[in-house]
Structure formats: structure tokens, C-alpha cells
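> Sending over target-v9.cif (mmCIF, C-alpha atoms and all ligand atoms).
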data_coords
#
loop_
_atom_site.label_atom_id
_atom_site.label_comp_id
_atom_site.auth_asym_id
_atom_site.auth_seq_id
_atom_site.Cartn_x
_atom_site.Cartn_y
_atom_site.Cartn_z
CA MET A 224 -62.03 -49.88 42.75
CA SER A 225 -60.92 -46.26 42.56
CA GLU A 226 -57.80 -45.10 40.80
CA GLN A 227 -56.23 -44.36 44.20
CA ASP A 228 -56.94 -47.87 45.53
CA ARG A 229 -55.45 -49.45 42.41
CA ILE A 230 -52.25 -47.43 42.80
CA GLN A 231 -52.08 -48.44 46.49
CA THR A 232 -52.53 -52.15 45.68
CA ASP A 233 -49.86 -51.98 42.97
CA GLY A 234 -47.49 -50.37 45.47
CA GLN A 235 -48.07 -53.15 48.03
CA LYS A 236 -47.46 -55.84 45.37
CA ARG A 237 -44.20 -54.17 44.33
CA ARG A 238 -42.99 -53.96 47.94
CA LYS A 239 -43.76 -57.68 48.41
CA ARG A 240 -41.84 -58.56 45.26
CA VAL A 241 -38.88 -56.46 46.40
CA GLN A 242 -38.94 -58.13 49.85
CA LEU A 243 -39.09 -61.59 48.21
CA PHE A 244 -36.22 -60.67 45.93
CA LYS A 245 -34.19 -59.50 48.96
CA LYS A 246 -34.83 -62.81 50.79
CA VAL A 247 -33.80 -64.85 47.76
CA LEU A 248 -30.70 -62.71 47.36
CA ILE A 249 -29.68 -63.13 51.02
CA ILE A 250 -30.26 -66.90 50.95
CA GLY A 251 -28.27 -67.09 47.70
CA ILE A 252 -25.37 -65.17 49.24
CA ILE A 253 -25.42 -67.38 52.36
CA ILE A 254 -25.38 -70.55 50.23
CA ALA A 255 -22.59 -69.14 48.06
CA ILE A 256 -20.49 -68.58 51.17
CA ILE A 257 -21.29 -71.73 53.18
CA LEU A 258 -21.26 -74.32 50.38
CA PRO A 259 -17.57 -73.86 49.41
CA ILE A 260 -16.57 -73.97 53.09
CA VAL A 261 -18.42 -77.26 53.59
CA LEU A 262 -16.98 -78.73 50.38
CA CYS A 263 -13.45 -77.62 51.31
CA THR A 264 -13.81 -79.19 54.75
CA ILE A 265 -14.96 -82.53 53.28
CA LEU A 266 -12.13 -82.56 50.75
CA PHE A 267 -9.58 -81.65 53.42
CA ILE A 268 -10.70 -84.57 55.63
CA ARG A 269 -10.58 -86.98 52.67
CA MET A 270 -7.11 -85.76 51.70
CA ASN A 271 -5.82 -86.34 55.25
CA ARG A 272 -7.26 -89.83 55.28
CA LEU A 273 -5.60 -90.70 51.95
CA GLU A 274 -2.27 -89.30 53.13
CA ARG A 275 -2.42 -91.56 56.17
CA GLN A 276 -3.17 -94.58 53.94
CA ILE A 277 -0.20 -93.72 51.72
CA ASP A 278 2.06 -93.50 54.78
CA VAL A 279 0.93 -96.95 55.95
CA LEU A 280 1.48 -98.48 52.51
CA LEU A 281 4.92 -96.89 52.19
CA SER A 282 6.04 -98.19 55.58
CA GLN A 283 4.81 -101.69 54.69
CA LYS A 284 6.77 -101.53 51.45
CA ALA A 285 9.89 -100.46 53.34
CA GLU A 286 9.55 -103.49 55.62
CA GLU A 287 9.24 -105.82 52.64
CA VAL A 288 12.43 -104.42 51.17
CA THR A 289 14.23 -105.05 54.48
CA VAL A 290 13.05 -108.64 54.43
CA ASN A 291 14.86 -109.31 51.21
CA GLU A 292 18.12 -107.69 52.12
CA VAL A 293 21.05 -109.83 51.21
CA ALA A 294 23.84 -109.89 53.72
CA SER A 295 26.34 -110.23 50.94
CA LYS A 296 29.02 -108.07 52.52
CA GLU A 297 29.21 -110.40 55.45
CA ALA A 298 28.95 -113.46 53.28
CA LEU A 299 31.39 -116.20 52.93
CA THR A 300 34.85 -115.62 51.67
CA THR A 301 36.45 -119.01 51.90
CA GLY A 302 36.16 -122.14 49.89
CA ASN A 303 36.32 -125.79 50.71
CA SER A 304 39.79 -127.09 51.26
CA GLY A 305 38.92 -130.72 50.79
CA GLU A 306 37.25 -131.29 54.12
CA THR A 307 35.61 -134.58 54.77
CA ALA A 308 32.11 -134.89 56.07
CA GLY A 309 32.36 -135.20 59.76
CA ASP A 310 32.03 -133.51 63.08
CA ASP A 311 34.62 -130.85 62.36
CA ALA A 312 32.92 -129.18 59.37
CA SER A 313 35.99 -126.99 59.15
CA ALA A 314 35.19 -125.24 55.87
CA GLU A 315 31.89 -124.01 57.19
CA GLU A 316 33.50 -122.78 60.37
CA MET A 317 35.83 -120.59 58.38
CA ALA A 318 32.98 -119.50 56.18
CA GLU A 319 30.63 -118.66 59.01
CA SER A 320 33.22 -117.05 61.22
CA ASN A 321 32.75 -113.74 59.45
CA ILE A 322 29.03 -113.69 60.05
CA LEU A 323 27.90 -112.48 63.41
CA THR A 324 24.57 -110.76 63.35
CA LEU A 325 22.83 -110.22 60.06
CA SER A 326 20.22 -107.64 59.29
CA GLN A 327 16.68 -108.12 60.42
CA GLY A 328 15.12 -110.34 57.83
CA GLU A 329 11.68 -111.18 58.99
CA ASN A 330 8.18 -109.94 58.52
CA LEU A 331 7.05 -107.91 61.46
CA THR A 332 4.30 -109.64 63.35
CA GLU A 333 1.56 -108.25 65.56
CA ASP A 334 2.87 -106.21 68.47
CA ASP A 335 1.04 -108.30 71.00
CA GLU A 336 2.55 -111.56 69.75
CA LYS A 337 5.62 -112.97 71.44
CA LYS A 338 8.95 -112.78 69.71
CA LYS A 339 9.93 -116.18 68.35
CA VAL A 340 13.40 -117.62 68.86
CA TYR A 341 14.41 -120.60 66.76
CA LEU A 342 17.49 -122.36 68.11
CA THR A 343 18.97 -124.28 65.17
CA PHE A 344 21.83 -126.79 65.37
CA ASP A 345 23.85 -127.54 62.24
CA ASP A 346 26.13 -130.47 61.36
CA GLY A 347 24.82 -133.14 63.76
CA PRO A 348 24.32 -135.76 64.86
CA SER A 349 27.49 -135.76 66.96
CA THR A 350 28.81 -136.88 70.33
CA HIS A 351 26.95 -133.87 71.80
CA THR A 352 23.50 -134.48 70.30
CA ALA A 353 22.28 -136.57 73.23
CA ASP A 354 23.38 -133.85 75.69
CA ILE A 355 21.63 -131.17 73.65
CA LEU A 356 18.46 -133.28 73.59
CA ASP A 357 18.68 -133.89 77.35
CA ILE A 358 19.07 -130.17 78.07
CA CYS A 359 16.12 -129.32 75.81
CA LYS A 360 14.02 -131.95 77.55
CA SER A 361 14.89 -130.66 81.03
CA TYR A 362 13.79 -127.14 80.06
CA ASN A 363 10.82 -128.36 78.00
CA VAL A 364 12.13 -126.65 74.88
CA ARG A 365 11.83 -127.69 71.21
CA VAL A 366 14.49 -126.73 68.70
CA THR A 367 15.54 -127.50 65.12
CA PHE A 368 18.37 -129.77 63.94
CA PHE A 369 19.82 -129.37 60.43
CA VAL A 370 21.50 -132.73 60.17
CA VAL A 371 23.94 -134.36 57.77
CA GLY A 372 24.13 -138.02 56.79
CA LYS A 373 25.79 -140.23 59.42
CA THR A 374 25.53 -143.98 59.50
CA GLY A 375 25.61 -146.36 62.46
CA SER A 376 23.06 -147.41 65.02
CA GLU A 377 23.99 -144.67 67.51
CA ASN A 378 23.42 -141.95 64.96
CA GLU A 379 20.21 -143.58 63.77
CA ALA A 380 18.96 -143.54 67.36
CA LEU A 381 19.75 -139.82 67.58
CA TYR A 382 17.77 -139.00 64.40
CA ARG A 383 14.86 -140.89 65.94
CA ARG A 384 15.16 -139.11 69.29
CA ILE A 385 15.09 -135.74 67.52
CA VAL A 386 11.75 -136.60 65.92
CA GLU A 387 10.24 -138.47 68.86
CA GLU A 388 11.00 -135.66 71.31
CA GLY A 389 9.16 -133.09 69.18
CA HIS A 390 12.07 -131.27 67.56
CA THR A 391 12.15 -130.35 63.89
CA LEU A 392 14.39 -132.46 61.67
CA GLY A 393 15.93 -130.34 58.92
CA MET A 394 18.47 -131.23 56.25
CA HIS A 395 21.98 -129.82 55.83
CA SER A 396 23.19 -132.03 52.93
CA TYR A 397 24.28 -135.65 53.21
CA SER A 398 27.99 -135.18 52.65
CA HIS A 399 28.55 -131.57 53.74
CA LYS A 400 31.37 -131.48 51.19
CA TYR A 401 31.21 -128.09 49.51
CA ASN A 402 33.19 -129.18 46.45
CA GLU A 403 30.77 -132.03 45.79
CA ILE A 404 27.33 -130.61 46.49
CA TYR A 405 28.04 -127.25 44.87
CA GLU A 406 29.72 -128.77 41.81
CA SER A 407 26.50 -129.02 39.78
CA LYS A 408 22.74 -128.89 40.18
CA ASP A 409 22.58 -132.65 39.58
CA ALA A 410 25.15 -133.33 42.28
CA PHE A 411 23.24 -131.09 44.69
CA GLY A 412 19.98 -132.89 43.89
CA THR A 413 21.51 -136.33 44.30
CA ASP A 414 22.98 -135.44 47.69
CA LEU A 415 19.68 -133.90 48.83
CA ALA A 416 17.61 -136.93 47.77
CA LYS A 417 20.07 -139.27 49.46
CA LEU A 418 19.69 -137.48 52.80
CA GLN A 419 15.93 -137.00 52.53
CA GLU A 420 15.34 -140.70 51.78
CA TYR A 421 17.87 -141.81 54.40
CA LEU A 422 16.11 -139.79 57.10
CA TYR A 423 12.72 -141.05 55.96
CA ASP A 424 13.88 -144.66 56.18
CA ILE A 425 15.12 -144.14 59.74
CA THR A 426 12.49 -141.83 61.20
CA GLY A 427 9.43 -142.17 58.95
CA THR A 428 9.56 -138.37 58.60
CA TRP A 429 9.87 -136.65 55.25
CA SER A 430 11.93 -133.55 56.00
CA ARG A 431 10.89 -130.46 54.03
CA ILE A 432 13.32 -127.88 55.35
CA TYR A 433 16.93 -127.30 54.38
CA ARG A 434 19.91 -125.21 55.36
CA PHE A 435 22.56 -124.75 52.72
CA PRO A 436 26.06 -125.58 53.99
CA GLY A 437 27.59 -122.11 54.29
CA GLY A 438 24.14 -120.51 53.94
CA SER A 439 22.37 -119.36 50.77
CA SER A 440 24.75 -116.38 50.62
CA ASN A 441 27.85 -118.57 50.31
CA THR A 442 30.32 -117.63 47.61
CA VAL A 443 31.87 -121.06 47.21
CA SER A 444 29.20 -122.64 45.02
CA THR A 445 30.12 -123.04 41.37
CA VAL A 446 26.40 -123.31 40.59
CA PRO A 447 24.47 -120.00 40.85
CA MET A 448 22.62 -120.24 44.16
CA GLN A 449 19.40 -119.06 42.45
CA GLU A 450 19.38 -122.33 40.51
CA LEU A 451 19.63 -124.37 43.69
CA ILE A 452 17.00 -122.21 45.39
CA SER A 453 14.63 -122.81 42.45
CA TYR A 454 15.41 -126.52 42.67
CA LEU A 455 14.40 -126.59 46.35
CA GLU A 456 11.16 -124.79 45.44
CA GLU A 457 10.41 -127.42 42.82
CA MET A 458 10.98 -130.07 45.47
CA ASP A 459 8.65 -128.22 47.89
CA ILE A 460 11.50 -127.71 50.34
CA THR A 461 11.92 -124.45 52.28
CA TYR A 462 15.40 -123.28 53.18
CA TYR A 463 16.35 -121.22 56.20
CA ASP A 464 19.44 -119.15 56.84
CA TRP A 465 19.94 -117.28 60.11
CA ASN A 466 19.89 -113.73 61.47
CA ILE A 467 21.80 -114.41 64.68
CA SER A 468 25.01 -116.39 64.87
CA CYS A 469 26.18 -117.52 68.28
CA GLY A 470 29.77 -117.28 67.02
CA ASP A 471 30.68 -120.87 67.85
CA ALA A 472 32.14 -121.35 64.36
CA ALA A 473 34.82 -118.74 65.04
CA SER A 474 38.29 -120.21 65.05
CA LYS A 475 39.30 -118.29 68.18
CA GLY A 476 36.99 -120.45 70.27
CA LEU A 477 34.51 -118.50 72.37
CA ASP A 478 33.60 -119.65 75.86
CA ALA A 479 30.06 -120.57 76.89
CA ARG A 480 29.33 -117.11 78.36
CA GLN A 481 30.38 -115.33 75.15
CA ILE A 482 28.37 -117.72 72.97
CA ALA A 483 25.29 -117.26 75.15
CA ASP A 484 25.63 -113.45 75.17
CA ASN A 485 25.92 -113.37 71.37
CA VAL A 486 22.44 -114.86 71.28
CA ILE A 487 20.78 -113.23 74.28
CA GLU A 488 21.89 -109.70 73.37
CA HIS A 489 20.39 -109.85 69.88
CA VAL A 490 16.98 -111.50 70.25
CA ALA A 491 15.33 -108.13 71.01
CA GLU A 492 16.24 -106.96 67.49
CA HIS A 493 14.02 -109.47 65.71
CA ASN A 494 10.46 -110.69 65.89
CA SER A 495 11.79 -113.98 64.52
CA SER A 496 15.31 -114.82 65.65
CA MET A 497 16.88 -117.64 63.68
CA VAL A 498 19.89 -118.60 65.79
CA LEU A 499 22.81 -120.50 64.24
CA LEU A 500 24.48 -122.97 66.61
CA HIS A 501 26.55 -126.08 65.89
CA ASP A 502 26.15 -129.67 67.00
CA ALA A 503 29.66 -131.06 66.48
CA LYS A 504 32.17 -132.90 68.62
CA ASP A 505 34.47 -129.89 69.11
CA LYS A 506 31.61 -127.57 70.08
CA THR A 507 31.54 -128.35 73.80
CA ALA A 508 31.21 -124.65 74.66
CA THR A 509 27.97 -124.50 72.67
CA VAL A 510 26.48 -127.28 74.78
CA GLU A 511 27.59 -125.46 77.95
CA ALA A 512 26.06 -122.24 76.63
CA LEU A 513 22.68 -123.83 75.90
CA PRO A 514 21.30 -123.74 79.48
CA LEU A 515 22.47 -120.11 79.81
CA ILE A 516 20.67 -119.22 76.58
CA ILE A 517 17.46 -121.06 77.45
CA GLU A 518 17.29 -119.67 81.01
CA ALA A 519 17.82 -116.10 79.81
CA LEU A 520 15.20 -116.43 77.07
CA GLN A 521 12.67 -118.13 79.34
CA ALA A 522 13.07 -115.22 81.77
CA MET A 523 11.90 -112.82 79.04
CA ASP A 524 8.13 -112.38 79.07
CA ASP A 525 7.82 -111.47 75.40
CA VAL A 526 9.97 -114.28 74.00
CA GLU A 527 9.29 -117.95 73.27
CA ILE A 528 11.60 -120.68 71.99
CA VAL A 529 9.94 -122.70 69.23
CA PRO A 530 10.96 -125.20 66.52
CA ILE A 531 10.67 -124.32 62.83
CA THR A 532 7.25 -125.16 61.41
CA ALA A 533 5.49 -124.66 58.09
CA ASP A 534 4.38 -121.12 59.01
CA THR A 535 7.75 -119.91 60.30
CA ASP A 536 8.97 -116.64 58.75
CA LYS A 537 11.45 -117.39 55.97
CA ILE A 538 14.75 -116.07 57.25
CA GLN A 539 16.80 -116.10 54.05
CA HIS A 540 19.93 -114.27 52.97
CA ILE A 541 18.99 -114.65 49.31
CA THR A 542 15.36 -114.49 48.20
CA SER A 543 14.31 -116.51 45.20
CA GLN A 544 13.68 -114.70 41.92
CA ASN A 545 10.11 -116.01 41.90
CA GLU A 546 9.43 -114.34 45.23
CA MET A 547 11.06 -111.10 44.13
CA SER A 548 8.98 -110.92 40.95
CA LYS A 549 5.80 -111.10 43.02
CA GLU A 550 6.58 -107.72 44.59
ZN ZN B 601 27.36 -126.96 58.33
#
If you convert what's in this file into C-alpha cells, what do you get?

Amino acid sequence: MSEQDRIQTDGQKRRKRVQLFKKVLIIGIIIAIILPIVLCTILFIRMNRLERQIDVLLSQKAEEVTVNEVASKEALTTGNSGETAGDDASAEEMAESNILTLSQGENLTEDDEKKKVYLTFDDGPSTHTADILDICKSYNVRVTFFVVGKTGSENEALYRRIVEEGHTLGMHSYSHKYNEIYESKDAFGTDLAKLQEYLYDITGTWSRIYRFPGGSSNTVSTVPMQELISYLEEMDITYYDWNISCGDAASKGLDARQIADNVIEHVAEHNSSMVLLHDAKDKTATVEALPLIIEALQAMDDVEIVPITADTDKIQHITSQNEMSKE
């Protein structure tokens, strides 16, 4: 190989090296530009996804807080003035007259599920119980009765009819005397056991649901309500307040149309409407309102009237401390 050839070959090798170096440089620059863009895009997408998850969690938390709202401002302001257990239940009327519609207190259910309406009758059995049962039967509707202790064969037959016709039998204290049941935890427990056993003897059904006379948000109890709520938990009994009051406890005496409208106009606000009504001898207007209520609700496609069962949303004015500590 001549000197000239050698120089030529060296020149070609150098050019190839320079070209290779240029290629590597260009590829390096391209990677340096594209890689951060790709990484940024991936991180941006992930960030958006996480933000959405945080939004969902925050809205769920907000709903849980609503569930536990206590309607204390609208709570009871009057005490028991020595009423006797009976159809009049006058102390509770005064107490409940201030409560119309309480805040939404239920877990939101799936959008496609029907709204549930629980018609609940306190203070029975009474001279109207048979009529209420007949109306429910004619419309093929099941409801819930929170009963007190009444003796006599007619009343016993009514407790049995409630169970036999598929309604839910709940407890509302045996005596319904505020000054007795709310005097001490022992007194409360004794009254509760008396009613639970009495109802079991008559109907063969062991009731596991309770409504406090005056509601859990009553201010007449001398025992802190949390103690009584814990007691019910120990006894495996669930208590229910209400988020719609038909207003039949008001002393001014509403007519059937007004009572019905108080219910019908508010069911859209809740996925679970717990409706407070009374089954007592002076509540004739409530019985007259019942067909109006049922017909209006049955005309709504997204609403169904159902009795309280074990999986019913807990509509409670006061949530137990155990439940709160779980949050
Ligand atoms: Zn009552």
C-alpha cells in the first residue's frame, strides 16, 4: 500500500467516525427532548386520576358527616307533665310539634334504586289500629308500628294482626311515661324488657327495633341519651328516629290534606324517608290522610313503601359514640 493510499484510507475512516458521531449525537438530542415530554405526559395523567379519586373520597366523607347530623335545634323543648300512658300521649305531642322535617340523615343509595318510604306509626295500638291495618291491606302496603304496652284481648289481637299481616312490630316503651323511663338506665331497661317480653308472649315475635318516646334527640331525659343508646346496642336493638314528620302531633290539629302534603312534599328529599305518624284515638285525621299518602306515593315511579327491616338505613338524630369513633 502506497503512502497516498494509506492517507486516503485514514481519511475515509475519519469521515465514517465523524458520521457515526453525528448520528449518535442526533439520536441523543432526540431522546433528550422526547423522553421528558413522555414522562411529563404520564405524570400528568396520573395526577389527574389521583385528583379525581380524592374528589370522590371527599364527597363520600361529606355524605357521612351529613348522616350524623343531629337535629338538636329542632329538638324537644318540653318535659313530661305527668301524662299517663294512653292514647293521648300528650307530652310527646308537645315535644314533637316543633319538629317538622329534619335534615337528610341517610346513606345515599344507588341512583337506580327506588327511594324507600317507611311509614311508621307511634303510640298504638288504639281505636284506629284496625282501620290503619285495613287501609294498608287494601293498598297492599306494609308499614311499621312502634307500639306501647296495652292490655286486653282487643289490643292483643291488634298486636297479632300487625305481625300476621306482614308489618314490622317495633317498640316505643311499655309505659310511654317520660318521667319513669328516662329516670334512670335501670328504669329504662326494665320498661324495655317488659314490653319486649310482653310482645313476645302475645305474638311469638322478638322485636329488635325501638323508637325512643320523644326521639333520641329529646331533652327531657335525665339520663344522658348516649347511655341509653349504648344500652340498646348491648341488647342488640336498633333504634330509629324520623326525617319526615307528618305534623299530626301539632296541637293546632292539621286536616288530612295538610298531613298528607307534609309527607308527600318531602319524600323526594331523601333516599330513605322515615315518616313519623301517630296511631292514637284522637288522630282521626292521620287515618284519613293515609289513603291520600299511599295513593300519591304509589303514583311515583321511583318510590316504594316498605316496612323497616334489618338492612334499613339507620335514621337517627343522635349517633352512638361507638359509631362515631369508627369514622
Ligand atoms: Zn310516642
> Can you tell me which residues surround Leu418 of chain A at a distance of at most 9 Å, considering all atoms listed in the file, apart from same-chain residues fewer than 4 positions away, and format the answer as a list of chain:residue names?
A:Val370, A:Val371, A:Gly372, A:Met394, A:His395, A:Ser396, A:Tyr397, A:Ser398, A:Thr413, A:Asp414, A:Leu422, A:Tyr423
> Expressed in Å to a single decimal, how great is the separation between atom CA of Arg434 of chain A and atom CA of Lys339 of chain A?
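So the two atoms, atom CA of Arg434 of chain A and atom CA of Lys339 of chain A, lie 18.7 Å apart.
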> Skipping near chain neighbours, those fewer than 4 positions away, what residues fall within 10 Å of Leu520 of chain A using only C-alpha atoms, listed as a list in words?
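Listing them by chain and then by number gives Val340, Val486, Ile487, Val490, Pro514, Leu515, Ile516, Asp524, Asp525, Val526, Glu527 and Ile528 of chain A.
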> For a test of reading the model, state the distance in Å between atom CA of Ser496 of chain A and atom CA of Asp484 of chain A, rounded to one decimal.
14.1 Å
> Suppose you want the space between atom CA of Asp464 of chain A and atom CA of Ser439 of chain A; what is it in Å?
6.7 Å
> Looking at only C-alpha atoms, which of A:Ile249, A:Ala255, A:Ala353, A:Val529 is the one that sits closest to Gly389 of chain A?
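Selected residue with least distance to Gly389 of chain A: A:Val529.
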> Edge lengths and centre in Å to one decimal, as AutoDock Vina command-line options, is what I'm after for the box along x, y and z that holds all listed atoms of segment 390-397 of chain A once 5 Å is added on each side.

--center_x 18.2 --center_y -132.7 --center_z 60.2 --size_x 22.2 --size_y 15.8 --size_z 24.6
> Give me the residues within 8 Å of Thr426 of chain A as an MDAnalysis selection string, counting all atoms listed in the file and dropping any in the same chain fewer than 5 places off.
chainID A and resid 382:383 386
